[in-house]
file input.cif (mmCIF, C-alpha atoms)
data_query
loop_
_atom_site.label_atom_id
_atom_site.label_comp_id
_atom_site.auth_asym_id
_atom_site.auth_seq_id
_atom_site.Cartn_x
_atom_site.Cartn_y
_atom_site.Cartn_z
CA MET A 1 86.30 101.48 193.14
CA THR A 2 85.08 98.26 194.80
CA GLN A 3 87.37 95.37 195.62
CA SER A 4 85.83 93.20 192.91
CA ALA A 5 86.49 95.87 190.27
CA ARG A 6 90.17 96.50 190.98
CA PRO A 7 92.33 96.55 187.81
CA ASP A 8 94.77 94.10 189.41
CA ASP A 9 92.00 91.51 189.65
CA GLY A 10 91.78 91.54 185.87
CA ARG A 11 95.50 90.92 185.56
CA ALA A 12 95.27 88.06 188.12
CA ALA A 13 92.43 86.46 186.17
CA LEU A 14 94.44 86.74 182.96
CA ALA A 15 97.45 85.12 184.68
CA GLY A 16 95.23 82.24 185.84
CA PHE A 17 93.84 81.83 182.33
CA VAL A 18 97.37 81.59 180.90
CA THR A 19 98.37 79.03 183.57
CA ASN A 20 95.37 76.84 182.84
CA ARG A 21 95.67 77.03 179.06
CA LEU A 22 99.43 76.52 178.76
CA GLY A 23 99.98 74.22 181.73
CA ARG A 24 102.73 76.33 183.27
CA SER A 25 103.03 79.02 185.86
CA ALA A 26 102.46 82.64 184.95
CA PRO A 27 104.21 85.53 186.71
CA ARG A 28 102.44 86.59 189.86
CA PRO A 29 101.06 90.12 189.64
CA ALA A 30 102.72 92.76 191.78
CA PRO A 31 100.75 93.64 194.92
CA ALA A 32 98.42 96.55 194.38
CA ARG A 33 99.46 99.87 195.77
CA PRO A 34 96.84 101.87 197.63
CA GLN A 35 95.62 104.67 195.36
CA PRO A 36 95.28 108.14 196.86
CA LYS A 37 91.94 109.85 196.45
CA THR A 38 92.08 112.73 193.98
CA GLY A 39 89.13 115.08 193.92
CA ASP A 40 85.46 114.50 194.51
CA ALA A 41 84.09 111.54 192.55
CA ALA A 42 80.65 113.14 192.40
CA ALA A 43 82.14 116.17 190.65
CA GLN A 44 83.16 113.90 187.76
CA ASP A 45 79.49 113.42 186.87
CA PHE A 46 78.78 115.49 183.75
CA GLU A 47 75.39 116.40 185.18
CA THR A 48 77.18 118.50 187.83
CA LEU A 49 78.64 120.84 185.21
CA PRO A 50 77.70 124.50 185.80
CA GLY A 51 74.38 125.38 184.20
CA TYR A 52 73.32 121.82 183.40
CA ARG A 53 70.78 121.74 186.22
CA GLU A 54 69.32 125.02 185.01
CA LEU A 55 69.00 123.63 181.49
CA LYS A 56 67.11 120.62 182.78
CA LEU A 57 64.83 122.78 184.93
CA GLN A 58 64.02 125.01 181.95
CA ARG A 59 63.20 121.99 179.80
CA SER A 60 61.07 120.42 182.56
CA ALA A 61 59.12 123.64 183.05
CA ALA A 62 58.49 123.89 179.32
CA ASP A 63 57.34 120.28 179.18
CA LEU A 64 54.88 120.88 182.02
CA ILE A 65 53.07 123.56 180.05
CA GLY A 66 53.26 121.65 176.77
CA LEU A 67 55.97 123.61 174.94
CA GLY A 68 58.03 121.95 172.24
CA ASN A 69 61.80 122.30 172.17
CA PRO A 70 62.54 125.19 169.77
CA PHE A 71 66.21 124.24 169.36
CA PHE A 72 68.01 121.71 167.15
CA ARG A 73 65.08 121.19 164.81
CA VAL A 74 65.97 119.19 161.72
CA HIS A 75 65.37 121.00 158.42
CA ASP A 76 64.45 118.97 155.35
CA ALA A 77 65.49 121.60 152.79
CA LYS A 78 67.60 124.70 152.22
CA ALA A 79 66.74 127.20 154.93
CA GLY A 80 66.17 130.67 153.51
CA ALA A 81 63.05 132.82 153.59
CA THR A 82 61.20 129.52 153.86
CA THR A 83 62.22 126.09 155.10
CA ARG A 84 60.78 122.61 155.63
CA ILE A 85 60.69 120.88 159.02
CA ASP A 86 59.11 117.44 159.39
CA GLY A 87 57.69 117.76 155.90
CA ARG A 88 55.93 121.06 156.64
CA THR A 89 56.77 124.41 155.05
CA PHE A 90 57.51 127.37 157.33
CA THR A 91 58.19 131.05 156.87
CA ASN A 92 61.71 131.14 158.24
CA PHE A 93 63.36 133.88 160.28
CA SER A 94 66.22 131.82 161.66
CA SER A 95 68.66 131.98 158.75
CA TYR A 96 71.70 134.22 158.22
CA ASP A 97 71.16 134.02 154.46
CA TYR A 98 70.64 137.78 154.30
CA LEU A 99 70.90 138.16 150.52
CA GLY A 100 69.49 134.78 149.48
CA LEU A 101 72.82 133.54 148.12
CA ASN A 102 72.78 130.09 149.72
CA GLY A 103 72.05 127.78 146.80
CA HIS A 104 72.44 130.52 144.18
CA PRO A 105 73.30 128.79 140.87
CA ARG A 106 76.57 130.70 140.48
CA VAL A 107 77.62 129.92 144.03
CA ASN A 108 76.76 126.23 143.66
CA ALA A 109 78.60 126.02 140.35
CA ALA A 110 81.76 127.49 141.89
CA ALA A 111 81.64 124.93 144.70
CA ARG A 112 81.10 122.04 142.27
CA GLU A 113 84.01 123.10 140.07
CA ALA A 114 86.30 123.33 143.10
CA ILE A 115 85.24 119.86 144.26
CA GLU A 116 86.02 118.39 140.84
CA THR A 117 89.48 119.98 140.85
CA TYR A 118 90.58 119.88 144.50
CA GLY A 119 88.16 117.56 146.29
CA THR A 120 86.34 118.47 149.47
CA SER A 121 89.30 119.08 151.80
CA ALA A 122 92.55 121.04 151.97
CA SER A 123 93.82 117.93 153.79
CA ALA A 124 96.01 119.74 156.33
CA SER A 125 97.07 123.12 157.61
CA ARG A 126 97.89 125.51 154.79
CA ILE A 127 101.33 126.06 156.31
CA VAL A 128 101.93 122.29 156.02
CA ALA A 129 99.95 121.20 152.97
CA GLY A 130 100.38 124.35 150.92
CA GLU A 131 97.87 126.73 149.40
CA ARG A 132 95.04 126.20 146.96
CA PRO A 133 94.40 128.92 144.37
CA GLY A 134 90.91 129.46 145.80
CA HIS A 135 92.31 130.44 149.19
CA LEU A 136 94.47 133.16 147.67
CA SER A 137 91.78 134.34 145.27
CA LEU A 138 89.20 134.73 148.05
CA GLU A 139 91.69 136.57 150.24
CA LYS A 140 92.54 139.00 147.44
CA ALA A 141 88.83 139.66 146.78
CA LEU A 142 88.14 140.40 150.46
CA ALA A 143 91.24 142.61 150.81
CA ARG A 144 90.11 144.53 147.73
CA HIS A 145 86.67 145.00 149.26
CA TYR A 146 88.07 146.62 152.42
CA GLY A 147 90.91 148.45 150.68
CA THR A 148 93.53 146.62 152.76
CA GLU A 149 96.92 145.21 151.86
CA ALA A 150 96.13 141.62 152.71
CA CYS A 151 93.67 139.10 154.11
CA VAL A 152 93.73 135.67 155.74
CA VAL A 153 90.76 133.28 155.80
CA MET A 154 90.25 130.67 158.52
CA VAL A 155 87.88 127.73 158.91
CA SER A 156 85.74 129.17 161.74
CA GLY A 157 84.34 132.62 162.41
CA HIS A 158 84.45 132.09 166.16
CA ALA A 159 88.03 130.83 165.98
CA THR A 160 89.02 133.78 163.80
CA ASN A 161 88.19 136.26 166.56
CA THR A 162 89.55 134.07 169.33
CA THR A 163 92.85 133.20 167.69
CA THR A 164 93.49 136.68 166.28
CA ILE A 165 92.94 138.54 169.53
CA GLY A 166 94.81 135.82 171.42
CA ALA A 167 97.80 136.15 169.09
CA LEU A 168 98.02 139.95 169.01
CA LEU A 169 97.72 140.82 172.70
CA GLU A 170 99.48 139.53 175.81
CA PRO A 171 99.89 140.36 179.51
CA GLY A 172 100.76 144.03 179.82
CA ASP A 173 98.35 144.95 177.03
CA VAL A 174 94.68 145.96 177.27
CA ILE A 175 91.52 145.21 175.31
CA PHE A 176 88.50 147.53 175.34
CA HIS A 177 85.33 145.92 174.03
CA ASP A 178 81.64 146.72 173.84
CA ALA A 179 79.62 145.23 176.70
CA LEU A 180 77.50 143.34 174.15
CA SER A 181 80.45 141.85 172.27
CA HIS A 182 80.18 138.34 170.89
CA ASN A 183 81.49 135.42 172.95
CA SER A 184 84.37 134.92 170.50
CA ILE A 185 85.70 138.41 171.25
CA VAL A 186 85.53 137.92 175.00
CA THR A 187 87.10 134.46 174.74
CA GLY A 188 89.94 135.82 172.61
CA ALA A 189 90.57 138.56 175.15
CA GLN A 190 90.71 136.00 177.96
CA LEU A 191 93.05 133.81 175.93
CA SER A 192 95.46 136.67 175.34
CA GLY A 193 96.11 137.32 179.01
CA ALA A 194 95.70 141.04 178.43
CA GLN A 195 93.60 143.11 180.77
CA ARG A 196 90.00 143.27 179.57
CA ARG A 197 87.75 146.31 180.02
CA SER A 198 84.18 146.51 178.70
CA PHE A 199 82.31 149.74 178.05
CA ALA A 200 78.56 150.42 177.88
CA HIS A 201 77.00 149.41 174.56
CA ASN A 202 77.85 151.85 171.74
CA ASP A 203 78.80 154.49 174.34
CA LEU A 204 81.71 156.58 173.08
CA ASP A 205 81.84 158.67 176.26
CA ALA A 206 82.12 155.56 178.41
CA LEU A 207 84.97 154.26 176.26
CA GLU A 208 86.79 157.58 176.36
CA SER A 209 86.55 157.66 180.14
CA LEU A 210 88.18 154.23 180.30
CA LEU A 211 90.87 155.22 177.82
CA ALA A 212 91.66 158.45 179.65
CA ALA A 213 91.91 156.66 182.99
CA THR A 214 93.83 153.53 182.00
CA ARG A 215 95.40 153.64 178.52
CA HIS A 216 98.72 154.95 179.89
CA GLU A 217 99.09 151.85 182.07
CA HIS A 218 99.48 149.48 179.11
CA ARG A 219 101.80 148.94 176.18
CA ARG A 220 99.45 147.92 173.37
CA ALA A 221 95.72 148.57 173.26
CA LEU A 222 92.95 147.12 171.12
CA ILE A 223 89.39 148.45 170.78
CA VAL A 224 86.88 145.90 169.45
CA ILE A 225 83.38 146.71 168.18
CA GLU A 226 80.89 145.04 165.87
CA GLY A 227 79.53 146.35 162.59
CA LEU A 228 75.99 145.15 163.33
CA TYR A 229 75.15 143.69 166.72
CA SER A 230 73.55 140.30 166.30
CA MET A 231 71.29 140.46 169.36
CA ASP A 232 70.00 144.01 168.95
CA GLY A 233 70.39 144.88 165.28
CA ASP A 234 72.03 148.25 165.93
CA ALA A 235 75.36 149.68 164.76
CA PRO A 236 78.11 151.86 166.26
CA ASP A 237 79.32 155.32 165.25
CA LEU A 238 82.43 154.24 163.38
CA ALA A 239 83.81 157.76 162.93
CA GLY A 240 83.66 158.31 166.70
CA PHE A 241 85.56 155.09 167.40
CA VAL A 242 88.19 155.91 164.78
CA ALA A 243 88.73 159.30 166.44
CA LEU A 244 89.20 157.66 169.85
CA LYS A 245 91.62 155.01 168.61
CA GLU A 246 93.73 157.72 166.98
CA ARG A 247 93.64 159.99 170.04
CA TYR A 248 94.68 157.22 172.42
CA ASN A 249 97.04 155.31 170.12
CA ALA A 250 95.11 152.03 169.94
CA TRP A 251 94.23 149.49 167.28
CA LEU A 252 90.59 149.38 166.18
CA MET A 253 89.06 146.02 165.20
CA VAL A 254 85.59 145.80 163.66
CA ASP A 255 83.71 142.48 163.62
CA GLU A 256 81.64 142.59 160.44
CA ALA A 257 80.06 139.14 160.83
CA HIS A 258 76.51 140.48 160.44
CA GLY A 259 77.40 143.74 158.69
CA LEU A 260 78.73 142.58 155.33
CA GLY A 261 75.91 142.59 152.80
CA VAL A 262 73.63 144.43 155.21
CA THR A 263 74.93 147.86 156.23
CA GLY A 264 75.66 150.58 153.70
CA ALA A 265 73.83 151.46 150.51
CA THR A 266 75.42 148.56 148.61
CA GLY A 267 75.99 146.28 151.61
CA ALA A 268 79.71 147.04 151.69
CA GLY A 269 79.58 147.22 155.47
CA LEU A 270 79.91 149.60 158.39
CA PHE A 271 82.42 151.87 156.66
CA GLU A 272 79.91 152.57 153.88
CA HIS A 273 77.05 152.91 156.38
CA CYS A 274 79.01 155.57 158.32
CA GLY A 275 80.83 157.21 155.39
CA VAL A 276 84.29 156.36 156.75
CA ASP A 277 87.38 155.35 154.76
CA PRO A 278 87.82 151.61 155.52
CA ARG A 279 91.59 152.14 155.72
CA ALA A 280 91.01 154.10 158.95
CA VAL A 281 90.26 150.76 160.67
CA ASP A 282 93.27 148.62 161.60
CA ILE A 283 91.60 145.20 161.56
CA TRP A 284 88.48 144.13 159.67
CA MET A 285 87.11 140.79 160.78
CA GLY A 286 84.16 138.98 159.25
CA THR A 287 82.57 135.61 158.70
CA LEU A 288 81.65 133.69 155.58
CA SER A 289 78.59 132.05 157.12
CA LYS A 290 76.11 134.92 156.80
CA THR A 291 75.86 136.87 153.55
CA LEU A 292 78.58 134.77 151.88
CA SER A 293 76.66 131.55 152.57
CA THR A 294 79.50 129.19 153.43
CA CYS A 295 81.56 128.79 156.60
CA GLY A 296 84.71 130.36 158.03
CA GLY A 297 86.13 133.73 158.96
CA TYR A 298 88.57 136.34 157.68
CA ILE A 299 90.90 139.09 158.84
CA CYS A 300 91.70 141.99 156.51
CA GLY A 301 94.40 144.52 157.34
CA PRO A 302 98.04 145.49 156.83
CA GLY A 303 100.38 142.99 155.22
CA ALA A 304 102.48 142.69 158.37
CA LEU A 305 99.40 141.79 160.44
CA VAL A 306 98.29 139.06 158.04
CA GLU A 307 101.81 137.65 157.69
CA TYR A 308 102.12 137.53 161.48
CA LEU A 309 98.79 135.73 161.90
CA LYS A 310 99.63 133.18 159.20
CA CYS A 311 102.76 132.23 161.11
CA THR A 312 101.67 132.54 164.76
CA ALA A 313 97.87 132.35 165.20
CA GLY A 314 97.07 128.88 166.52
CA GLY A 315 93.64 128.79 164.87
CA PHE A 316 95.37 129.11 161.49
CA VAL A 317 98.73 127.38 161.96
CA TYR A 318 97.33 124.30 163.72
CA SER A 319 94.03 124.04 161.87
CA VAL A 320 93.22 122.47 158.53
CA GLY A 321 92.90 124.94 155.68
CA MET A 322 89.49 126.01 154.47
CA SER A 323 87.71 123.47 152.30
CA PRO A 324 88.32 124.47 148.63
CA PRO A 325 84.62 124.38 147.63
CA LEU A 326 83.76 126.70 150.54
CA ALA A 327 86.43 129.19 149.49
CA ALA A 328 85.19 129.12 145.89
CA ALA A 329 81.55 129.49 146.91
CA ALA A 330 82.30 132.41 149.24
CA GLU A 331 84.18 134.26 146.52
CA ALA A 332 81.31 133.70 144.09
CA ALA A 333 78.80 134.95 146.68
CA LEU A 334 80.84 138.11 147.23
CA ALA A 335 80.90 138.72 143.48
CA VAL A 336 77.11 138.30 143.19
CA MET A 337 76.59 140.65 146.15
CA LEU A 338 78.69 143.34 144.48
CA GLU A 339 77.07 142.86 141.06
CA GLU A 340 73.46 142.75 142.30
CA PRO A 341 72.95 145.65 144.74
CA GLU A 342 69.21 145.24 144.30
CA ARG A 343 69.44 142.35 146.75
CA VAL A 344 70.66 144.74 149.44
CA GLU A 345 67.86 147.16 148.58
CA ARG A 346 65.24 144.40 148.92
CA LEU A 347 66.70 143.42 152.27
CA ARG A 348 66.54 147.03 153.45
CA ARG A 349 62.90 147.38 152.35
CA ASN A 350 62.00 144.17 154.15
CA GLY A 351 63.73 145.21 157.35
CA ASN A 352 62.11 148.62 157.31
CA LEU A 353 58.68 147.08 156.68
CA PHE A 354 59.05 144.63 159.58
CA LEU A 355 60.16 147.39 161.93
CA ALA A 356 57.40 149.78 160.87
CA CYS A 357 54.69 147.12 161.24
CA ALA A 358 56.03 146.08 164.65
CA LYS A 359 56.11 149.64 165.95
CA GLU A 360 52.59 150.26 164.66
CA LEU A 361 51.36 147.31 166.74
CA GLY A 362 53.31 148.32 169.85
CA ILE A 363 55.87 145.50 169.65
CA ASP A 364 59.16 146.21 171.43
CA THR A 365 62.06 145.97 168.94
CA GLY A 366 64.64 147.64 171.16
CA THR A 367 67.32 149.67 169.36
CA SER A 368 67.21 147.77 166.06
CA LEU A 369 67.87 149.82 162.93
CA GLY A 370 65.53 147.57 160.96
CA LEU A 371 68.22 146.23 158.67
CA ALA A 372 68.54 142.43 158.90
CA VAL A 373 68.39 141.71 162.63
CA ILE A 374 65.24 142.65 164.56
CA PRO A 375 64.57 141.42 168.10
CA VAL A 376 61.10 141.18 169.60
CA ILE A 377 61.83 141.76 173.27
CA VAL A 378 59.49 139.83 175.54
CA GLY A 379 61.30 140.11 178.85
CA ASP A 380 60.68 136.63 180.24
CA SER A 381 62.35 133.38 179.19
CA LEU A 382 59.30 131.13 179.41
CA LYS A 383 57.13 133.72 177.71
CA SER A 384 59.71 133.95 174.90
CA VAL A 385 59.71 130.18 174.45
CA THR A 386 55.90 130.16 174.54
CA LEU A 387 55.69 132.83 171.84
CA SER A 388 58.17 130.93 169.67
CA ASP A 389 56.13 127.74 170.13
CA ARG A 390 52.84 129.47 169.25
CA LEU A 391 54.36 131.01 166.12
CA PHE A 392 55.81 127.64 165.11
CA LYS A 393 52.33 126.14 165.26
CA ARG A 394 51.24 128.91 162.89
CA GLY A 395 53.98 128.05 160.39
CA ILE A 396 56.58 130.64 161.46
CA ASN A 397 60.04 129.44 162.49
CA VAL A 398 61.93 131.79 164.84
CA GLN A 399 64.05 130.94 167.86
CA PRO A 400 63.96 132.48 171.33
CA ILE A 401 67.05 133.96 172.95
CA ILE A 402 66.76 133.39 176.68
CA HIS A 403 68.75 133.64 179.89
CA PRO A 404 71.70 133.18 180.31
CA ALA A 405 72.43 134.18 176.68
CA VAL A 406 70.77 137.51 177.54
CA PRO A 407 69.57 138.94 180.86
CA GLU A 408 66.18 137.56 181.90
CA ARG A 409 64.49 140.93 181.46
CA ALA A 410 65.85 141.07 177.89
CA SER A 411 64.67 137.62 176.71
CA ARG A 412 63.47 137.85 173.13
CA LEU A 413 62.73 136.33 169.78
CA ARG A 414 65.36 137.24 167.21
CA PHE A 415 64.20 137.69 163.61
CA PHE A 416 66.69 137.48 160.74
CA LEU A 417 65.33 139.13 157.61
CA THR A 418 66.44 138.21 154.10
CA SER A 419 66.09 139.84 150.71
CA GLU A 420 63.86 136.93 149.71
CA HIS A 421 61.06 137.41 152.27
CA THR A 422 57.88 138.78 150.72
CA PRO A 423 55.95 141.74 152.13
CA GLU A 424 53.02 139.40 152.75
CA GLN A 425 55.17 137.05 154.84
CA ILE A 426 56.42 139.97 156.90
CA ARG A 427 52.99 141.52 157.51
CA GLU A 428 51.43 138.16 158.39
CA THR A 429 54.28 137.38 160.78
CA VAL A 430 54.11 140.69 162.64
CA THR A 431 50.33 140.36 162.95
CA ALA A 432 50.78 136.84 164.34
CA ILE A 433 53.33 138.12 166.88
CA ALA A 434 50.92 140.76 168.15
CA GLU A 435 48.02 138.29 168.34
CA GLU A 436 50.00 135.65 170.19
CA LEU A 437 51.52 138.13 172.62
CA ALA A 438 48.03 139.37 173.45
CA ALA A 439 46.80 135.78 173.92
CA ILE A 440 49.69 134.99 176.25
CA GLU A 441 48.99 138.08 178.35
CA LYS A 442 45.27 137.30 178.45
CA GLY A 443 45.97 133.75 179.59
CA GLY A 444 47.79 134.96 182.72
CA SER A 445 51.34 134.50 183.85
CA LEU A 446 53.25 131.39 182.84
CA ILE A 447 53.90 130.62 186.50
CA GLU A 448 50.12 130.47 187.04
CA GLN A 449 49.78 128.15 184.07
CA LEU A 450 52.58 126.00 185.44
CA MET A 451 50.96 125.74 188.85
CA ALA A 452 47.59 124.96 187.31
CA LYS A 453 49.13 122.11 185.28
CA ARG A 454 50.79 120.72 188.40
CA GLY A 455 47.50 120.95 190.31
#
call {"tool": "encode", "arguments": {"input": "input.cif", "output": "structure tokens"}}
result
Amino acid sequence: MTQSARPDDGRAALAGFVTNRLGRSAPRPAPARPQPKTGDAAAQDFETLPGYRELKLQRSAADLIGLGNPFFRVHDAKAGATTRIDGRTFTNFSSYDYLGLNGHPRVNAAAREAIETYGTSASASRIVAGERPGHLSLEKALARHYGTEACVVMVSGHATNTTTIGALLEPGDVIFHDALSHNSIVTGAQLSGAQRRSFAHNDLDALESLLAATRHEHRRALIVIEGLYSMDGDAPDLAGFVALKERYNAWLMVDEAHGLGVTGATGAGLFEHCGVDPRAVDIWMGTLSKTLSTCGGYICGPGALVEYLKCTAGGFVYSVGMSPPLAAAAEAALAVMLEEPERVERLRRNGNLFLACAKELGIDTGTSLGLAVIPVIVGDSLKSVTLSDRLFKRGINVQPIIHPAVPERASRLRFFLTSEHTPEQIRETVTAIAEELAAIEKGGSLIEQLMAKRG
């Protein structure tokens, strides 16, 4: 801080102002004490935050070769199988609306009725402000779905994982999670203070090796997997994980964020997909923002677990309760899903068609099961952004997933299928992917293009 900008100078000026205005002396300010230096001033610049420079470099490189920013686009309408951006209609593959329930008349009507009765907010934490009937009704419906004793809903899916894992485990405990687990699972494990061990994706043998070698060193153990992996579109062998959790005396938690409404003949989830009694799983977690078309998360499990979380989990105790219209809409969406299994069947047909067309044209879709999440693996961040940009210009909205979200060699476009996509939209999209990939390859490497633009 320069001499002219010292805080004491401001106080001295104010004292002088008072003296002049009132015609009497003002107290003299105390002499300034020398302030010790604390830290590096340059490090307080937000632009020095880790990764910021890389973000800017990526954006600059894209600008040099004329690529638009594929992120944070503003949509002018409900985003489902189609959407509108800047007044133009696009075939949309960037929506979690797997069963087309966002905007469904019954779902909208439930939200409107809740607004009329309870307003738009729960106003405070449920432990402070009390319950709303919609909270309890939604929790009962979800508990019924998974065959569990109880359920608790929270305002954020990410926070549901983080706060639940953080509340259940502590130093001296251990968490085993899939190497491709969502950020919220990893963050919750870090928050807990428990030891964290990851195992190779969907690899039961790798997990068993870890359990055999280390389970005896810890008091409590939690195994966390996902019902449908959101980057790869594949699913685990639930029966195998149940067997391991029983053999090694551990809790098993399944994150069904992308599985509900997608896996299983009726969309019930991973337990239906694998033919396993849902009561064999200790903790079912899910979100309301995908198939159920609202926002928030839930935990289903034993009554003691839910009671404990309602009284100790920071993300529930210290957070406002779920908005009443969201709770009502989510419950209505769940009811429509259960009553209209044809939506799940349409989604399955669409996913299978996309996968079959992609394989026929030699497009790399990794390990996807062809349900609702299908990656197109490109293997280069700039190439992935270029492909997304080219498809956007052809009226297809899909976002790239690039490093550091995934390893550079695994950069991809991630397609979310819905029950409302038409076969024509799917065939035209896959054909466009193949054509644009071929054009990119024919045009040479992106580095060469970049250098040519600079020259």
call {"tool": "closest_residue", "arguments": {"input": "input.cif", "among": "A:Ala432, A:Met154, A:Leu204, A:Leu210", "to": "Phe241 (chain A)", "atoms": "only C-alpha atoms"}}
result
A:Leu204
call {"tool": "resolve_selection", "arguments": {"input": "input.cif", "expression": "the PyMOL selection byres ((chain A and resi 428) around 12)", "output": "ChimeraX atom specification"}}
result
/A:91,353-354,357-358,391,394-396,421-427,429-435
call {"tool": "atom_distance", "arguments": {"input": "input.cif", "atom1": "CA of Arg412 (chain A)", "atom2": "CA of Leu101 (chain A)"}}
result
27.0 Å
call {"tool": "atom_distance", "arguments": {"input": "input.cif", "atom1": "CA of Glu139 (chain A)", "atom2": "CA of Ala194 (chain A)"}}
result
28.8 Å
call {"tool": "residues_near_point", "arguments": {"input": "input.cif", "point": "(80.5, 138.4, 159.4)", "cutoff": "6 Å", "atoms": "only C-alpha atoms", "output": "list in words"}}
result
Glu256, Ala257, His258, Gly286 and Thr287 of chain A
call {"tool": "resolve_selection", "arguments": {"input": "input.cif", "expression": "the PyMOL selection byres ((chain A and resi 201) around 9)", "output": "PyMOL selection string"}}
result
chain A and resi 178-181+198-200+202-204+206+236
call {"tool": "closest_atom_pairs", "arguments": {"input": "input.cif", "of": "region 274-305 of chain A", "to": "region 312-320 of chain A", "cutoff": "12 Å", "atoms": "only C-alpha atoms", "output": "Markdown table"}}
result
| residue | atom | partner | partner_atom | distance |
| --- | --- | --- | --- | --- |
| A:Gly296 | CA | A:Phe316 | CA | 11.3 |
| A:Gly297 | CA | A:Phe316 | CA | 10.6 |
| A:Tyr298 | CA | A:Phe316 | CA | 10.6 |
| A:Ile299 | CA | A:Phe316 | CA | 11.3 |
| A:Leu305 | CA | A:Thr312 | CA | 10.5 |
call {"tool": "write_last_selection", "arguments": {"input": "input.cif", "atoms": "C-alpha atoms", "output": "CSV table (one decimal), in the frame of the given file"}}
result
chain,number,residue,atom,x,y,z
A,296,GLY,CA,84.7,130.4,158.0
A,297,GLY,CA,86.1,133.7,159.0
A,298,TYR,CA,88.6,136.3,157.7
A,299,ILE,CA,90.9,139.1,158.8
A,305,LEU,CA,99.4,141.8,160.4
call {"tool": "build_atoms", "arguments": {"input": "input.cif", "residues": "region 116-132 of chain A", "atoms": "N, CA and C atoms", "output": "compact mmCIF listing (two decimals), in the coordinates of the input"}}
result
# COMPACT_ATOMS: atom_id res chain seq x y z
N GLU A 116 85.48 119.20 141.93
CA GLU A 116 86.02 118.39 140.84
C GLU A 116 87.54 118.53 140.73
N THR A 117 88.05 119.73 141.02
CA THR A 117 89.48 119.98 140.85
C THR A 117 90.29 119.62 142.09
N TYR A 118 89.77 119.99 143.27
CA TYR A 118 90.58 119.88 144.50
C TYR A 118 89.99 118.93 145.54
N GLY A 119 88.81 118.39 145.29
CA GLY A 119 88.16 117.56 146.29
C GLY A 119 87.48 118.39 147.34
N THR A 120 87.12 117.78 148.44
CA THR A 120 86.34 118.47 149.47
C THR A 120 87.19 118.98 150.63
N SER A 121 88.48 118.70 150.65
CA SER A 121 89.30 119.08 151.80
C SER A 121 90.64 119.63 151.37
N ALA A 122 91.17 120.56 152.17
CA ALA A 122 92.55 121.04 151.97
C ALA A 122 93.55 120.07 152.58
N SER A 123 93.05 119.07 153.30
CA SER A 123 93.82 117.93 153.79
C SER A 123 94.71 118.20 154.99
N ALA A 124 95.15 119.42 155.19
CA ALA A 124 96.01 119.74 156.33
C ALA A 124 96.08 121.25 156.47
N SER A 125 96.84 121.69 157.45
CA SER A 125 97.07 123.12 157.61
C SER A 125 97.70 123.68 156.33
N ARG A 126 97.33 124.90 155.99
CA ARG A 126 97.89 125.51 154.79
C ARG A 126 99.40 125.69 154.90
N ILE A 127 99.88 125.88 156.12
CA ILE A 127 101.33 126.06 156.31
C ILE A 127 102.06 124.74 156.08
N VAL A 128 101.34 123.62 156.21
CA VAL A 128 101.93 122.29 156.02
C VAL A 128 101.64 121.76 154.62
N ALA A 129 100.37 121.83 154.23
CA ALA A 129 99.95 121.20 152.97
C ALA A 129 100.02 122.14 151.78
N GLY A 130 100.32 123.41 152.02
CA GLY A 130 100.38 124.35 150.92
C GLY A 130 99.04 124.99 150.62
N GLU A 131 99.06 125.96 149.75
CA GLU A 131 97.87 126.73 149.40
C GLU A 131 97.08 126.06 148.28
N ARG A 132 95.83 126.48 148.14
CA ARG A 132 95.04 126.20 146.96
C ARG A 132 94.74 127.55 146.32
